[in-house]
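The structure appears right after this line, and notes come after that.
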Amino acid sequence: MKYGILTSGGDCAGLNAVIRAIGLYLKRNVKNAEIVGIPEGYGGLIRGESYPLTEEDFSDILDVGGTILRTSRQPFKKMTAPEEGGTRLSRMIANYKKMGLDCLFTLGGAGTHKTAALLSMEGCNVIGVPKTIDNDIYGTDFTFGFQTAVEVATDAICRIETTARSHSRIMLVEVMGNKAGWLTLHSGIAAGAHMILIPEIPFSVDAVCSFLSARVQAGERYTMVAVAEGALLDSEARFKKEDRAFVRTELGESTVTRHLAEVIGERTGVETRYSVLGYLQRGGAPCAYDRLLCSRMGGYAARLAAEGRFGVTVALEDNKITFNALTDVAGKYKFVDPAGETVRFAREIGISFGDNP
Ligand code: F6P
């Protein structure tokens, strides 16, 4: 049996740990398992590139950040667009066959899953493993890489807090997460932020400033605000992402953080600064939780392959590893529930979401 592995989309901690678990399982449990790596995600499959992975490739990578297979973003929209030599999808299918693959493991996020579902519908044997720091993949409680990013962002917010305290400032810390607020919500609560702004709860500048001014009046000398990169003003919420992006680009911004820090400074009279955490959150070694989750998910994915169950993606549900049909989850996203337990609990302990609940 011949197995291909690729990692696609934005990287995160834990990709190598999943590759390792798949490899170790197959080498030990499937006779004559042949494993190949496909470089740079779907890019490598489109170009028809692959190379053998040996047991040696799987050693000493459990705690190594990034992906030994490298990755790339391949927009889903382009997969079926006609190009010279056929569509990217048709080239991938042809290369899957040419490589003689019996199964392809796709380690990736929501976009990767959409393409994986297409490949599966076209007859390729595909098994997905849900990766992303955004934790926005439908059908799994957690994605791998998320918890490491939570640890990194939490540590960063706590470090910035000590300087906020020294200078009696308001500090805004921008956290990644694309259109979902999971990373900001979890790291914000874990770091003790006083305010958390996430896309699922559009904020009002008035509500933000009155909360911050009330803290000043109560004698609080500093405030920490965790801002999701996708955070939205209530006035922006009714616009589509493209239209918002247009207005923001006109202002030279892609996120709201810098502008918001400026407005807060003017309206509260408190020195206000902001920091954008960026790719720190995707880099470096996976935390212990992710190493364990990746080992469980990778081993399980390989077992599914050995049992001949394809067209599925691995999931964590109620702390059990299971799977969903790719066609059931591809194209769907998982967002923070503004009325859910975590947000409710945060509000009950005094965290503001910048709205008027
Ligand atoms: O999906 C992971 C993520 O890091 C998002 O949080 C972020 O919006 C995006 O990727 C950044 O993408 P890129 O690596 O293309 O800059």
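Here's how to read the names in the structure tokens: chain A, B, ... by the order shown, residue numbers from 1 in each chain, ligand numbers from 1 in the order shown.
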
Nearby polymer residues, ligand 1, at most 6 Å, only C-alpha atoms and all ligand atoms, as a ChimeraX atom specification: /A:10,132-134,176-178

For the selection just defined, write its residues with N, CA, C and O atoms to a file, as a PDB file, in the first residue's frame.
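Just written: again_2.pdb:
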```
ATOM      1  N   GLY A  10      -1.888  27.679   6.037  1.00  0.00           N
ATOM      2  CA  GLY A  10      -0.986  28.284   7.032  1.00  0.00           C
ATOM      3  C   GLY A  10      -0.480  27.221   7.996  1.00  0.00           C
ATOM      4  O   GLY A  10      -1.239  26.356   8.425  1.00  0.00           O
ATOM      5  N   THR A 132      -5.207  23.982  12.633  1.00  0.00           N
ATOM      6  CA  THR A 132      -5.220  25.448  12.528  1.00  0.00           C
ATOM      7  C   THR A 132      -5.179  26.095  13.909  1.00  0.00           C
ATOM      8  O   THR A 132      -5.802  25.588  14.850  1.00  0.00           O
ATOM      9  N   ILE A 133      -4.479  27.199  13.971  1.00  0.00           N
ATOM     10  CA  ILE A 133      -4.486  27.964  15.230  1.00  0.00           C
ATOM     11  C   ILE A 133      -5.837  28.646  15.423  1.00  0.00           C
ATOM     12  O   ILE A 133      -6.133  29.133  16.502  1.00  0.00           O
ATOM     13  N   ASP A 134      -6.652  28.690  14.354  1.00  0.00           N
ATOM     14  CA  ASP A 134      -7.927  29.416  14.442  1.00  0.00           C
ATOM     15  C   ASP A 134      -9.025  28.609  15.136  1.00  0.00           C
ATOM     16  O   ASP A 134     -10.022  29.176  15.590  1.00  0.00           O
ATOM     17  N   MET A 176      -4.245  36.550  16.338  1.00  0.00           N
ATOM     18  CA  MET A 176      -4.724  35.992  15.055  1.00  0.00           C
ATOM     19  C   MET A 176      -6.027  35.211  15.260  1.00  0.00           C
ATOM     20  O   MET A 176      -6.580  35.176  16.356  1.00  0.00           O
ATOM     21  N   GLY A 177      -6.470  34.547  14.207  1.00  0.00           N
ATOM     22  CA  GLY A 177      -7.690  33.744  14.329  1.00  0.00           C
ATOM     23  C   GLY A 177      -8.609  33.858  13.133  1.00  0.00           C
ATOM     24  O   GLY A 177      -9.691  33.274  13.122  1.00  0.00           O
ATOM     25  N   ASN A 178      -8.179  34.668  12.146  1.00  0.00           N
ATOM     26  CA  ASN A 178      -8.990  34.888  10.950  1.00  0.00           C
ATOM     27  C   ASN A 178     -10.369  35.401  11.352  1.00  0.00           C
ATOM     28  O   ASN A 178     -10.449  36.341  12.120  1.00  0.00           O
TER      29      ASN A 178
END
```

Secondary structure check, helix (DSSP H, G or I) residues of segment 98-345 of chain A, as a PyMOL selection string: chain A and resi 98-99+110-121+146-167+182-191+205-217+241-250+257-268+278-281+288-306+326-329+341-345

Test item: residues at most 9 Å from Arg73 of chain A, only C-alpha atoms, excluding those fewer than 4 positions along its chain, as a list in words: Ser8, Gly9, Gly10, Glu40, Gly41, Tyr42, Gly43, Gly111 and Thr112 of chain A

Nearest candidate to Val270 of chain A (options A:Ile351, A:Ser50, A:Ala156, A:Leu212; using only C-alpha atoms):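 Selected residue with least distance to Val270 of chain A: A:Leu212.
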
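In this comparison, which uses only C-alpha atoms, the residue of A:Arg309, A:Lys334, A:Lys31, A:Arg70 approaching Ala110 of chain A most closely is A:Lys334.
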
Residues near segment 233-246 of chain A, cut-off 9 Å, only C-alpha atoms, skip fewer than 4 positions along chain, as a PyMOL selection string: chain A and resi 199+201-205+250-251+253-256+355

Segment 90-104 of chain A surroundings by only C-alpha atoms, 6 Å radius, close-in-sequence under 3 positions cut, as a list of chain:residue names: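 Near segment 90-104 of chain A, the qualifying residues are A:Lys2, A:Tyr3, A:Gly4, A:Ile5, A:Leu45, A:Ile46, A:Gly48, A:Thr87, A:Asn125, A:Val126.
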
Contact residues around Leu172 of chain A with only C-alpha atoms at 12 Å, ignoring same-chain residues under 2 positions, as a PyMOL selection string: chain A and resi 156-158+160-161+164+169-170+174-175+184+188+193-197+208+212+222-229+256-265+271-277

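Residues of segment 22-184 of chain A carrying a DSSP assignment of strand (DSSP E), computed from the backbone, are A:Glu34, A:Ile35, A:Val36, A:Gly37, A:Tyr51, A:Pro52, A:Cys103, A:Leu104, A:Phe105, A:Thr106, A:Leu107, A:Gly108, A:Val126, A:Ile127, A:Gly128, A:Val129, A:Pro130, A:Ile170, A:Met171, A:Leu172, A:Val173, A:Glu174, A:Val175.
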
Residue contacts of Ala17 of chain A (7 Å, only C-alpha atoms) excluding same-chain residues fewer than 6 positions away, as a ChimeraX atom specification: /A:61-63,291,294-295

From A:Val30, A:Ile38, A:Ala325, A:Gly311, residue lying nearest Glu122 of chain A [only C-alpha atoms]: A:Gly311

Counting only C-alpha atoms, the option among A:Ile198, A:Met79, A:Leu26, A:Val150 closest to Asp337 of chain A: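 Of A:Ile198, A:Met79, A:Leu26, A:Val150, the one nearest Asp337 of chain A, counting only C-alpha atoms, is A:Ile198.
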